[in-house]
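Participant: To start, I am sharing the structure in question, which I have written as structure tokens.
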Amino acid sequence: MLCCLFLCLSLFSYFLPLLFLPLSQAKQLETREKELASISSFYKEQLEILEKKNLDNYKQTADQYNQAATKAEAHIRPRQTVSLCTELQAKVLQCYGENPQQTLLCSSLAKQYMTCVQQAKSSLKNHG
């Protein structure tokens, strides 16, 4: 973006004086046009080089990120989950399904399930 701005300013600074030149100075105009073409070519080459460096840097950074993510995943062990009180859970769900309008009928099962879960958690905390 900065290169384009500089190029535009360079072009403007070359052409402004040319607006006031007599026709006899056509040779100077031709010389300046050649200089402008040379400058334009130079900045295009510089822009291509910068774009290539930017793309290379992006690829390198992406590779480094992927390597770090893979390494981090290898060090993090998956959490082991244990199903607790599955029989009671199934009974509670079945009761709720059979009694959608009268869920209080399932309260004793739900209470047993909650007690079972609390006991299992306490047991895991004491052993783990």
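Every chain in the structure tokens takes a letter, A first, then B, and so on in the order presented; its residues are numbered from 1, and the ligands are numbered from 1 following the presented order.
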Determine, counting only C-alpha atoms, which protein, DNA and RNA residues have an atom within 8 Å of an atom of Leu84 in chain A; residues of the same chain fewer than 5 positions away are not included. Present the result as a PyMOL selection string.

Facilitator: chain A and resi 116-117+120

Participant: Find the residues around range 86-98 of chain A up to 12 Å (only C-alpha atoms counted), leave out those fewer than 2 positions away in its own chain, and share them as a list in words.

Facilitator: Val82, Ser83, Leu84, Pro100, Gln101, Gln102, Thr103, Leu104, Leu105, Cys106, Ser107, Ser108, Leu109, Ala110, Lys111, Gln112, Tyr113, Met114, Thr115, Cys116, Val117 and Ala120 of chain A

Participant: Which value, in Å to one decimal, gives the distance between CA of Pro78 in chain A and CA of Gln118 in chain A?

Facilitator: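 CA of Gln118 in chain A lies at a distance of 23.5 Å from CA of Pro78 in chain A.
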
Participant: So how far away is CA of Gln67 in chain A from CA of Lys53 in chain A, in Å?

Facilitator: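 Interatomic distance here is 21.0 Å.
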
Participant: Could you work out how far CA of Asn54 in chain A lies from CA of Ala69 in chain A, giving the answer in Å with one decimal?

Facilitator: 22.3 Å
